[in-house]
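The structure file target.cif is reproduced below (mmCIF, C-alpha atoms).
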data_coords
#
loop_
_atom_site.label_atom_id
_atom_site.label_comp_id
_atom_site.auth_asym_id
_atom_site.auth_seq_id
_atom_site.Cartn_x
_atom_site.Cartn_y
_atom_site.Cartn_z
CA MET A 430 72.30 186.00 191.65
CA THR A 431 75.15 188.43 192.27
CA ASP A 432 75.92 191.53 190.25
CA ARG A 433 78.85 189.89 188.52
CA VAL A 434 79.44 186.12 188.35
CA ASN A 435 82.98 184.77 187.74
CA ALA A 436 83.98 187.62 185.47
CA PRO A 437 87.49 187.46 183.99
CA ALA A 438 90.11 189.61 185.73
CA ASP A 439 90.32 192.00 182.77
CA ALA A 440 86.52 192.31 182.30
CA PRO A 441 85.14 195.84 181.91
CA GLU A 442 83.80 197.43 185.09
CA GLY A 443 80.53 199.18 185.87
CA ASP A 444 77.42 198.80 183.75
CA SER A 445 79.26 198.60 180.43
CA LEU A 446 78.30 194.93 180.04
CA GLY A 447 74.65 195.58 180.79
CA ARG A 448 72.17 193.60 182.90
CA ILE A 449 70.08 190.47 182.55
CA VAL A 450 67.14 190.60 184.94
CA LEU A 451 64.96 187.59 185.70
CA LEU A 452 61.63 189.02 186.85
CA THR A 453 59.53 186.62 188.92
CA THR A 454 55.84 187.07 189.74
CA SER A 455 53.30 185.18 191.81
CA HIS A 456 50.15 183.82 190.18
CA ARG A 457 48.49 184.15 193.60
CA VAL A 458 48.60 187.95 193.36
CA ALA A 459 46.28 189.80 190.99
CA PRO A 460 48.04 190.46 187.65
CA GLY A 461 49.34 193.99 187.31
CA LEU A 462 50.11 194.37 191.02
CA LEU A 463 53.87 194.53 190.64
CA SER A 464 56.39 196.15 192.95
CA TRP A 465 57.65 199.62 192.16
CA PRO A 466 61.22 198.37 191.44
CA ALA A 467 59.70 195.88 188.98
CA TRP A 468 57.81 198.59 187.11
CA GLN A 469 60.89 200.83 187.07
CA THR A 470 63.03 198.04 185.64
CA LEU A 471 60.44 197.10 183.01
CA ARG A 472 60.03 200.69 181.81
CA ALA A 473 63.77 201.29 181.60
CA ALA A 474 64.66 197.98 179.93
CA ASP A 475 65.93 197.82 176.36
CA ARG A 476 64.21 194.47 175.83
CA VAL A 477 61.56 192.53 177.70
CA LEU A 478 61.08 188.87 176.79
CA CYS A 479 58.58 186.21 177.82
CA ALA A 480 58.33 182.66 176.52
CA ASP A 481 54.80 182.15 177.88
CA ALA A 482 52.24 183.63 175.50
CA GLY A 483 49.54 183.16 178.13
CA HIS A 484 51.39 184.85 180.99
CA PRO A 485 48.78 186.72 183.06
CA GLN A 486 50.94 189.85 183.32
CA LEU A 487 51.16 190.45 179.56
CA PRO A 488 47.88 192.37 179.09
CA TYR A 489 48.74 194.72 181.94
CA LEU A 490 52.26 195.33 180.67
CA GLY A 491 50.74 196.14 177.29
CA GLU A 492 48.36 198.65 178.86
CA ALA A 493 51.35 200.28 180.57
CA GLY A 494 53.16 200.63 177.25
CA VAL A 495 55.77 197.95 177.92
CA VAL A 496 56.56 196.03 174.73
CA VAL A 497 57.14 192.32 175.41
CA GLU A 498 58.74 189.99 172.88
CA GLN A 499 57.06 186.58 172.71
CA ALA A 500 60.24 184.53 172.56
CA ALA A 501 62.13 181.94 174.57
CA PRO A 502 65.30 183.70 175.70
CA VAL A 503 68.64 182.06 174.89
CA ALA A 504 71.62 182.61 177.17
CA ARG A 505 74.23 183.20 174.47
CA GLU A 506 72.09 185.65 172.55
CA LEU A 507 71.11 187.64 175.67
CA VAL A 508 74.70 187.89 176.90
CA ASP A 509 75.88 189.16 173.52
CA TYR A 510 72.98 191.60 173.25
CA CYS A 511 73.55 193.15 176.67
CA ALA A 512 77.34 193.21 176.44
CA ALA A 513 77.31 194.89 173.04
CA GLY A 514 76.01 198.19 174.35
CA GLY A 515 75.54 198.00 178.06
CA ARG A 516 71.90 197.17 177.57
CA THR A 517 69.32 195.78 180.00
CA ALA A 518 67.23 192.75 179.12
CA VAL A 519 64.37 191.65 181.34
CA VAL A 520 63.03 188.10 181.20
CA LEU A 521 59.51 187.68 182.56
CA THR A 522 59.70 184.16 183.95
CA SER A 523 56.93 181.61 183.55
CA ALA A 524 55.36 179.52 186.31
CA GLU A 525 57.67 176.62 185.39
CA GLY A 526 60.76 178.82 185.56
CA GLU A 527 63.43 179.31 182.91
CA SER A 528 65.73 176.37 183.56
CA ALA A 529 67.20 176.33 180.05
CA LEU A 530 68.14 180.00 180.31
CA THR A 531 69.52 179.83 183.84
CA ASP A 532 71.50 176.67 183.06
CA GLY A 533 72.96 178.36 179.99
CA LEU A 534 73.90 181.49 181.92
CA ALA A 535 75.51 179.36 184.64
CA ARG A 536 77.63 177.52 182.05
CA LEU A 537 78.80 180.76 180.46
CA ALA A 538 79.58 182.40 183.79
CA GLY A 539 81.31 179.28 185.10
CA SER A 540 83.59 178.94 182.09
CA GLY A 541 85.80 181.82 183.26
CA ARG A 542 86.18 182.93 179.65
CA GLU A 543 83.14 185.21 179.39
CA SER A 544 82.65 188.85 180.23
CA MET A 545 79.21 188.52 181.77
CA PRO A 546 76.51 191.13 182.22
CA ALA A 547 75.20 191.67 185.72
CA LEU A 548 72.76 188.87 186.50
CA GLU A 549 69.86 189.82 188.77
CA LEU A 550 66.80 188.08 190.19
CA LEU A 551 64.02 190.58 190.83
CA PRO A 552 60.82 189.48 192.60
CA GLY A 553 57.99 191.47 191.06
CA SER A 554 55.33 190.24 193.49
CA TYR A 555 55.23 188.19 196.65
CA ASP A 556 52.79 185.70 198.10
CA LEU A 557 50.74 187.05 200.98
CA PRO A 558 50.06 184.88 204.07
CA GLY A 559 47.39 182.36 203.17
CA ALA A 560 48.21 182.51 199.46
CA ARG A 561 48.40 178.73 199.14
CA LEU A 562 44.73 178.58 200.11
CA LEU A 563 44.04 180.03 196.67
CA ASP A 564 45.86 177.04 195.18
CA LEU A 565 43.67 174.70 197.19
CA VAL A 566 40.50 176.39 195.93
CA GLN A 567 41.72 176.18 192.32
CA VAL A 568 42.73 172.53 192.63
CA MET A 569 39.40 171.64 194.24
CA ASP A 570 37.52 173.43 191.47
CA ARG A 571 39.40 171.51 188.79
CA ILE A 572 38.87 168.17 190.53
CA ARG A 573 35.16 168.87 190.98
CA VAL A 574 34.82 169.48 187.24
CA SER A 575 37.09 166.72 185.96
CA CYS A 576 36.98 163.83 188.46
CA PRO A 577 34.05 161.39 188.01
CA TRP A 578 33.96 160.51 191.72
CA THR A 579 34.41 164.02 193.11
CA GLY A 580 32.02 165.57 190.62
CA VAL A 581 28.95 163.75 191.95
CA ARG A 582 29.61 163.91 195.71
CA THR A 583 27.00 165.51 197.96
CA HIS A 584 27.15 166.97 201.46
CA GLU A 585 25.56 163.79 202.74
CA ASP A 586 28.22 161.66 201.05
CA LEU A 587 30.99 163.55 202.79
CA ALA A 588 29.46 163.71 206.27
CA LYS A 589 31.15 160.55 207.54
CA TYR A 590 34.53 161.63 206.19
CA GLY A 591 34.35 164.94 208.02
CA LEU A 592 33.71 163.12 211.28
CA GLU A 593 36.56 160.70 210.66
CA GLU A 594 38.98 163.52 209.85
CA MET A 595 38.09 165.38 213.05
CA TYR A 596 38.74 162.27 215.13
CA GLU A 597 42.09 161.82 213.41
CA LEU A 598 42.91 165.47 214.12
CA LEU A 599 42.03 164.97 217.79
CA GLU A 600 44.34 161.96 217.94
CA ALA A 601 47.19 163.95 216.41
CA ILE A 602 46.67 166.71 218.98
CA GLU A 603 46.52 164.32 221.91
CA THR A 604 49.58 162.30 220.85
CA GLY A 605 51.64 165.43 220.13
CA ASP A 606 52.74 164.28 216.66
CA ARG A 607 53.51 167.58 214.87
CA GLU A 608 53.84 166.09 211.40
CA GLU A 609 50.58 164.20 211.82
CA LEU A 610 48.93 167.37 213.14
CA ARG A 611 49.92 169.32 210.04
CA GLU A 612 48.60 166.60 207.75
CA GLU A 613 45.32 166.16 209.61
CA LEU A 614 44.68 169.91 209.64
CA GLY A 615 45.04 169.76 205.86
CA ASP A 616 42.52 166.92 205.66
CA VAL A 617 40.02 168.90 207.75
CA LEU A 618 40.62 171.98 205.59
CA LEU A 619 39.94 169.88 202.51
CA GLN A 620 36.53 168.94 203.92
CA VAL A 621 35.64 172.62 204.30
CA VAL A 622 36.74 173.53 200.78
CA PHE A 623 35.09 170.41 199.32
CA HIS A 624 31.74 171.18 200.98
CA ALA A 625 31.93 174.80 199.85
CA ARG A 626 32.59 173.70 196.26
CA ILE A 627 29.58 171.36 196.39
CA ALA A 628 27.46 174.22 197.73
CA GLN A 629 28.52 176.35 194.79
CA ASP A 630 26.67 173.97 192.46
CA ASP A 631 23.38 174.12 194.36
CA PRO A 632 20.65 175.28 191.92
CA ASP A 633 18.52 177.03 194.56
CA GLU A 634 20.80 178.41 197.27
CA PRO A 635 24.40 178.39 196.03
CA PHE A 636 27.28 179.83 198.00
CA SER A 637 31.05 179.70 197.56
CA VAL A 638 34.11 179.34 199.73
CA ASP A 639 34.39 183.14 199.66
CA ASP A 640 30.93 183.37 201.24
CA VAL A 641 32.03 180.88 203.90
CA ALA A 642 35.19 182.87 204.63
CA ALA A 643 33.30 186.18 204.65
CA GLY A 644 30.83 184.80 207.17
CA ILE A 645 33.45 183.64 209.61
CA VAL A 646 35.45 186.86 209.23
CA ASP A 647 32.37 188.92 210.08
CA LYS A 648 31.64 186.65 213.05
CA LEU A 649 35.19 186.90 214.41
CA ILE A 650 35.22 190.69 214.14
CA HIS A 651 31.80 191.03 215.74
CA ARG A 652 32.66 188.69 218.62
CA HIS A 653 35.98 190.39 219.38
CA PRO A 654 34.93 193.97 220.21
CA HIS A 655 37.99 194.19 222.47
CA VAL A 656 40.19 193.77 219.38
CA PHE A 657 38.20 195.49 216.62
CA GLY A 658 35.94 197.76 218.68
CA GLU A 659 35.90 200.00 221.73
CA GLU A 660 35.47 197.40 224.48
CA SER A 661 38.33 196.06 226.55
CA ALA A 662 39.24 192.63 227.87
CA GLU A 663 42.34 191.87 229.88
CA THR A 664 41.79 188.22 230.77
CA PRO A 665 40.65 185.06 228.96
CA GLU A 666 37.57 185.04 231.18
CA GLU A 667 36.58 188.52 230.04
CA VAL A 668 37.09 187.50 226.42
CA LYS A 669 34.84 184.48 226.91
CA ALA A 670 32.19 186.69 228.53
CA HIS A 671 32.28 189.03 225.50
CA TRP A 672 31.96 186.04 223.18
CA MET A 673 29.02 184.52 225.01
CA ARG A 674 27.11 187.81 225.28
CA THR A 675 27.58 188.57 221.61
CA LYS A 676 26.68 185.02 220.61
CA ALA A 677 23.52 185.12 222.71
CA ALA A 678 22.46 188.40 221.09
CA GLU A 679 23.10 186.97 217.62
CA LYS A 680 21.28 183.68 218.13
CA ARG A 681 18.37 184.94 220.26
CA ARG A 682 17.83 181.46 221.62
CA GLU A 683 14.94 180.60 223.90
CA SER A 684 16.90 177.88 225.69
CA VAL A 685 20.54 177.38 226.53
CA THR A 686 20.23 173.88 225.10
CA GLU A 687 19.60 175.21 221.58
CA GLY A 688 22.57 174.75 219.32
CA VAL A 689 23.95 171.78 221.24
CA PRO A 690 24.21 168.97 218.66
CA LEU A 691 22.68 165.79 220.03
CA GLY A 692 24.65 163.65 217.58
CA GLN A 693 28.00 164.28 219.26
CA PRO A 694 29.62 161.65 221.52
CA ALA A 695 27.54 161.12 224.65
CA LEU A 696 30.14 162.22 227.20
CA ALA A 697 30.84 165.39 225.26
CA LEU A 698 27.10 166.03 224.95
CA ALA A 699 26.57 165.67 228.69
CA ALA A 700 29.50 167.97 229.46
CA LYS A 701 28.28 170.59 226.98
CA LEU A 702 24.80 170.65 228.49
CA ALA A 703 26.32 170.95 231.96
CA SER A 704 28.54 173.79 230.77
CA ARG A 705 25.58 175.70 229.35
CA ALA A 706 23.60 175.27 232.57
CA ARG A 707 26.53 176.28 234.76
CA HIS A 708 27.27 179.35 232.66
CA GLU A 709 23.69 180.52 233.11
CA ARG A 710 23.85 179.70 236.84
CA LEU A 711 20.96 177.29 236.53
CA GLU A 712 20.56 174.98 239.50
CA VAL A 713 19.59 171.73 237.79
CA ALA A 714 19.42 168.48 239.71
CA LEU A 715 20.62 165.42 237.87
CA PRO A 716 17.70 163.20 236.82
CA ASP A 717 17.02 160.17 238.96
CA GLY A 718 17.66 156.87 237.27
CA ASP A 719 19.40 153.57 237.58
CA GLY A 720 22.02 152.10 235.34
CA VAL A 721 25.36 152.92 233.77
CA GLY A 722 23.95 155.76 231.66
CA TYR A 723 22.99 157.85 234.68
CA GLU A 724 26.29 157.06 236.38
CA LEU A 725 28.19 158.24 233.31
CA LEU A 726 26.04 161.37 233.16
CA ALA A 727 26.95 162.21 236.77
CA LEU A 728 30.64 161.62 236.03
CA ALA A 729 30.51 163.85 232.93
CA VAL A 730 28.83 166.68 234.85
CA ARG A 731 31.34 166.36 237.67
CA ALA A 732 34.25 166.39 235.21
CA GLU A 733 32.94 169.51 233.45
CA ALA A 734 32.58 171.34 236.77
CA ALA A 735 36.21 170.46 237.54
CA GLY A 736 37.40 171.79 234.19
CA VAL A 737 38.05 168.37 232.68
CA GLU A 738 36.87 167.34 229.22
CA PRO A 739 35.39 163.88 229.92
CA GLU A 740 35.68 162.76 226.32
CA THR A 741 39.37 163.67 226.23
CA ALA A 742 39.98 162.09 229.63
CA LEU A 743 38.29 158.85 228.62
CA ARG A 744 40.26 158.67 225.36
CA ALA A 745 43.51 159.08 227.30
CA ALA A 746 42.45 156.33 229.71
CA ALA A 747 41.40 154.12 226.81
CA ARG A 748 44.82 154.54 225.17
CA THR A 749 46.43 153.45 228.44
CA TYR A 750 44.08 150.48 228.53
CA ARG A 751 45.02 149.62 224.94
CA ASP A 752 48.71 149.66 225.88
CA ALA A 753 47.98 147.39 228.82
CA ILE A 754 46.17 144.94 226.51
CA ARG A 755 49.15 144.90 224.15
CA ALA A 756 51.53 144.35 227.05
CA ALA A 757 49.39 141.45 228.23
CA GLU A 758 49.39 139.97 224.73
CA GLU A 759 53.18 140.23 224.50
CA ALA A 760 53.61 138.70 227.95
CA ARG A 761 51.35 135.81 227.04
CA GLY A 762 53.25 135.26 223.83
CA GLU A 763 56.63 135.27 225.61
CA THR A 764 55.33 132.82 228.24
CA ARG A 765 54.07 130.47 225.55
CA GLY A 766 57.36 130.71 223.70
CA GLU A 767 59.34 129.87 226.80
CA ALA A 768 57.11 126.87 227.54
CA GLY A 769 57.23 125.69 223.96
CA GLY A 770 53.58 126.51 223.39
CA GLY A 771 51.88 126.54 220.05
CA ALA A 772 50.76 129.42 217.89
CA PRO A 773 48.50 132.15 219.33
CA GLU A 774 44.78 131.57 219.11
#

Any chance you could give the structure as structure tokens?
Amino acid sequence: MTDRVNAPADAPEGDSLGRIVLLTTSHRVAPGLLSWPAWQTLRAADRVLCADAGHPQLPYLGEAGVVVEQAAPVARELVDYCAAGGRTAVVLTSAEGESALTDGLARLAGSGRESMPALELLPGSYDLPGARLLDLVQVMDRIRVSCPWTGVRTHEDLAKYGLEEMYELLEAIETGDREELREELGDVLLQVVFHARIAQDDPDEPFSVDDVAAGIVDKLIHRHPHVFGEESAETPEEVKAHWMRTKAAEKRRESVTEGVPLGQPALALAAKLASRARHERLEVALPDGDGVGYELLALAVRAEAAGVEPETALRAAARTYRDAIRAAEEARGETRGEAGGGAPE
């Protein structure tokens, strides 16, 4: 809002008509953490109003000595109050906003017949990056408590969904669909928050999404000594070397094969094992054997050595094959149509 909206030509100047301030706050920021301009405005105001009796800021304003009227502000009454003595009225807005008030102020200002106070919108707090993640946690918590299906899910129940969502994310990445990528990232994030909420209910070893986040934050800091510590790394290769050394010290594994999930797709599994062996400079001959399995193993190892993800490469080839099948189907259909053939089989 501007300082003066559609004031008549003969309207008084300066602050003689007072101010109406709409103070907005974010529920994603701890109550009481308001900006300094917000606190200054609140302390200097002649009236502070709030229609929401449960507004989270009210207890903290009370502790600070700011008297808040529990009332729904009305445009006509506020304009008259401020204009009468150059007063300042602050409206602490609710989460739903104050549409009735703002609509009323807009009508008065737009009439051209009113001497309007200065109308200001003052953000009292702002969302920090990642603030919407708090919304996700709150929504998940409510669903877990209130939804009959969600409330009884287990980690085992969700396992297949997590796998499906990751495959859908991979497809979005490989096809380059940005909108699909955003949506699939959200679906994967939901799986993480859902599992963490289930874990919170465990009677023996509960943990929360905060514990999950704390764990990964600690891991990232520890494995990036070139960012958070005294070490240096100028190239991606040096960063990877830092990561692998730190990871090895953390895990204290007896074999490079430990930690490689055997349940992953076979080509990816073969490439991962080859990567571990190559990183440790282990000279390992491929096992002798006949059949397609051993041939695929050799191809996967060769692809990994060349810097190619065999699983990704095969998916790309399979998509091309799918397109070729569809083209063949269309060609067959067109040929049948031209020859007056019957319906497809």

Exercise for review: Taking the file above as input, evaluate the PyMOL selection byres ((chain A and resi 503) around 10) and report the hits as a list of chain:residue names.
Suggested key: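 Output of the PyMOL selection byres ((chain A and resi 503) around 10): A:Ala500, A:Ala501, A:Pro502, A:Ala504, A:Arg505, A:Glu506, A:Leu507, A:Val508, A:Glu527, A:Ala529, A:Leu530, A:Thr531, A:Gly533, A:Leu534.
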
Review point. Which residues come within 12 Å of region 628-643 of chain A, counting all atoms listed in the file, excluding same-chain residues fewer than 2 positions away, as a PyMOL selection string?
Key: chain A and resi 562-563+565-567+569-570+573-574+580-585+618-626+645-650

Once the PyMOL selection byres ((chain A and resi 472) around 12) has been applied to the shown file, what residues remain in the selection, as a short mmCIF file (atom, residue, chain, number, x, y, z; two decimals) with C-alpha atoms, in the coordinates of the input?
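result-v3.cif, freshly written:
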data_model
loop_
_atom_site.label_atom_id
_atom_site.label_comp_id
_atom_site.auth_asym_id
_atom_site.auth_seq_id
_atom_site.Cartn_x
_atom_site.Cartn_y
_atom_site.Cartn_z
CA TRP A 465 57.65 199.62 192.16
CA PRO A 466 61.22 198.37 191.44
CA ALA A 467 59.70 195.88 188.98
CA TRP A 468 57.81 198.59 187.11
CA GLN A 469 60.89 200.83 187.07
CA THR A 470 63.03 198.04 185.64
CA LEU A 471 60.44 197.10 183.01
CA ALA A 473 63.77 201.29 181.60
CA ALA A 474 64.66 197.98 179.93
CA ASP A 475 65.93 197.82 176.36
CA ARG A 476 64.21 194.47 175.83
CA VAL A 477 61.56 192.53 177.70
CA LEU A 490 52.26 195.33 180.67
CA GLY A 491 50.74 196.14 177.29
CA ALA A 493 51.35 200.28 180.57
CA GLY A 494 53.16 200.63 177.25
CA VAL A 495 55.77 197.95 177.92
CA VAL A 496 56.56 196.03 174.73
CA VAL A 497 57.14 192.32 175.41
CA THR A 517 69.32 195.78 180.00
CA ALA A 518 67.23 192.75 179.12
CA VAL A 519 64.37 191.65 181.34
#

Review point. Can you list, as a list of chain:residue names, the residues that the PyMOL selection byres ((chain A and resi 682-696) around 7) selects here?
Key: A:Ala677, A:Lys680, A:Arg681, A:Ala697, A:Leu698, A:Ala699, A:Ala700, A:Leu702, A:Arg705, A:Ala729, A:Pro739, A:Glu740

Check your understanding: Using only C-alpha atoms, which residues sit within 7 Å of Gly515 (chain A) once same-chain residues fewer than 3 positions away are excluded, as a ChimeraX atom specification?
Key -> /A:444-447,511-512

Selection to disk with C-alpha atoms, as a CSV table (one decimal), in the frame of the given file:
chain,number,residue,atom,x,y,z
A,444,ASP,CA,77.4,198.8,183.8
A,445,SER,CA,79.3,198.6,180.4
A,446,LEU,CA,78.3,194.9,180.0
A,447,GLY,CA,74.6,195.6,180.8
A,511,CYS,CA,73.6,193.2,176.7
A,512,ALA,CA,77.3,193.2,176.4

Check your understanding: For the atom pair CA of Gly526 (chain A) and CA of Leu451 (chain A), what is the interatomic distance in Å to one decimal place?
Key -> 9.7 Å

Point to revise | Residue with smallest distance to Ala670 (chain A) - pool A:His708, A:Arg542, A:Arg744, A:Lys701, counting all atoms listed in the file | key: A:His708

Exercise for review: With a distance cut-off of 8 Å and only C-alpha atoms, select the neighbouring residues of Trp672 (chain A), excluding the residue or stretch itself and same-chain residues fewer than 3 positions from it, and output the selection as a list in words.
Suggested key: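 My list of contacting residues is Arg652, His653, Val668, Lys669, Thr675 and Lys676 of chain A.
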
Point to revise | One-decimal distance in Å that lies between CA of Ala735 (chain A) and CA of Asp606 (chain A) | key: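 CA of Ala735 (chain A) lies at a distance of 27.3 Å from CA of Asp606 (chain A).
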
Review point. Of the candidates A:His671, A:His651, A:Arg448, A:Arg571, which one gets nearest to Ala513 (chain A) if we count all atoms listed in the file?
Key: A:Arg448

Point to revise | CA of Pro485 (chain A) to CA of Leu557 (chain A), straight-line distance in Å | key: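 These two atoms are separated by 18.0 Å.
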
Exercise for review: Would you mind listing what lies within 10 Å of Asp556 (chain A) as an MDAnalysis selection string, with only C-alpha atoms counted and same-chain residues fewer than 3 positions away left out?
Suggested key: chainID A and resid 454:458 559:561

Atom completion result for region 725-739 of chain A (N, CA, C and O atoms) as a PDB file, in the frame of the given file:
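So the final result, stored in result04.pdb, reads:
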ATOM      1  N   LEU A 725      27.290 157.529 234.217  1.00  0.00           N
ATOM      2  CA  LEU A 725      28.190 158.240 233.310  1.00  0.00           C
ATOM      3  C   LEU A 725      27.799 159.711 233.202  1.00  0.00           C
ATOM      4  O   LEU A 725      28.661 160.588 233.104  1.00  0.00           O
ATOM      5  N   LEU A 726      26.496 159.993 233.201  1.00  0.00           N
ATOM      6  CA  LEU A 726      26.040 161.370 233.160  1.00  0.00           C
ATOM      7  C   LEU A 726      26.570 162.146 234.369  1.00  0.00           C
ATOM      8  O   LEU A 726      27.087 163.271 234.234  1.00  0.00           O
ATOM      9  N   ALA A 727      26.455 161.551 235.556  1.00  0.00           N
ATOM     10  CA  ALA A 727      26.950 162.210 236.770  1.00  0.00           C
ATOM     11  C   ALA A 727      28.451 162.448 236.702  1.00  0.00           C
ATOM     12  O   ALA A 727      28.955 163.503 237.090  1.00  0.00           O
ATOM     13  N   LEU A 728      29.190 161.459 236.179  1.00  0.00           N
ATOM     14  CA  LEU A 728      30.640 161.620 236.030  1.00  0.00           C
ATOM     15  C   LEU A 728      30.983 162.738 235.054  1.00  0.00           C
ATOM     16  O   LEU A 728      31.902 163.532 235.292  1.00  0.00           O
ATOM     17  N   ALA A 729      30.250 162.818 233.929  1.00  0.00           N
ATOM     18  CA  ALA A 729      30.510 163.850 232.930  1.00  0.00           C
ATOM     19  C   ALA A 729      30.245 165.236 233.503  1.00  0.00           C
ATOM     20  O   ALA A 729      31.026 166.177 233.280  1.00  0.00           O
ATOM     21  N   VAL A 730      29.157 165.390 234.245  1.00  0.00           N
ATOM     22  CA  VAL A 730      28.830 166.680 234.850  1.00  0.00           C
ATOM     23  C   VAL A 730      29.887 167.059 235.881  1.00  0.00           C
ATOM     24  O   VAL A 730      30.333 168.214 235.960  1.00  0.00           O
ATOM     25  N   ARG A 731      30.320 166.090 236.668  1.00  0.00           N
ATOM     26  CA  ARG A 731      31.340 166.360 237.670  1.00  0.00           C
ATOM     27  C   ARG A 731      32.668 166.749 237.007  1.00  0.00           C
ATOM     28  O   ARG A 731      33.368 167.667 237.463  1.00  0.00           O
ATOM     29  N   ALA A 732      33.015 166.080 235.919  1.00  0.00           N
ATOM     30  CA  ALA A 732      34.250 166.390 235.210  1.00  0.00           C
ATOM     31  C   ALA A 732      34.206 167.808 234.639  1.00  0.00           C
ATOM     32  O   ALA A 732      35.171 168.578 234.751  1.00  0.00           O
ATOM     33  N   GLU A 733      33.069 168.179 234.045  1.00  0.00           N
ATOM     34  CA  GLU A 733      32.940 169.510 233.450  1.00  0.00           C
ATOM     35  C   GLU A 733      33.084 170.589 234.516  1.00  0.00           C
ATOM     36  O   GLU A 733      33.763 171.599 234.311  1.00  0.00           O
ATOM     37  N   ALA A 734      32.483 170.369 235.679  1.00  0.00           N
ATOM     38  CA  ALA A 734      32.580 171.340 236.770  1.00  0.00           C
ATOM     39  C   ALA A 734      34.018 171.493 237.249  1.00  0.00           C
ATOM     40  O   ALA A 734      34.421 172.562 237.710  1.00  0.00           O
ATOM     41  N   ALA A 735      34.805 170.427 237.117  1.00  0.00           N
ATOM     42  CA  ALA A 735      36.210 170.460 237.540  1.00  0.00           C
ATOM     43  C   ALA A 735      37.142 170.945 236.431  1.00  0.00           C
ATOM     44  O   ALA A 735      38.362 170.973 236.615  1.00  0.00           O
ATOM     45  N   GLY A 736      36.574 171.310 235.287  1.00  0.00           N
ATOM     46  CA  GLY A 736      37.400 171.790 234.190  1.00  0.00           C
ATOM     47  C   GLY A 736      38.052 170.707 233.370  1.00  0.00           C
ATOM     48  O   GLY A 736      39.058 170.943 232.688  1.00  0.00           O
ATOM     49  N   VAL A 737      37.498 169.510 233.426  1.00  0.00           N
ATOM     50  CA  VAL A 737      38.050 168.370 232.680  1.00  0.00           C
ATOM     51  C   VAL A 737      37.109 168.002 231.545  1.00  0.00           C
ATOM     52  O   VAL A 737      35.890 167.902 231.747  1.00  0.00           O
ATOM     53  N   GLU A 738      37.670 167.817 230.342  1.00  0.00           N
ATOM     54  CA  GLU A 738      36.870 167.340 229.220  1.00  0.00           C
ATOM     55  C   GLU A 738      36.711 165.824 229.360  1.00  0.00           C
ATOM     56  O   GLU A 738      37.683 165.079 229.196  1.00  0.00           O
ATOM     57  N   PRO A 739      35.528 165.326 229.673  1.00  0.00           N
ATOM     58  CA  PRO A 739      35.390 163.880 229.920  1.00  0.00           C
ATOM     59  C   PRO A 739      35.713 163.035 228.708  1.00  0.00           C
ATOM     60  O   PRO A 739      36.268 161.937 228.841  1.00  0.00           O
TER      61      PRO A 739
END
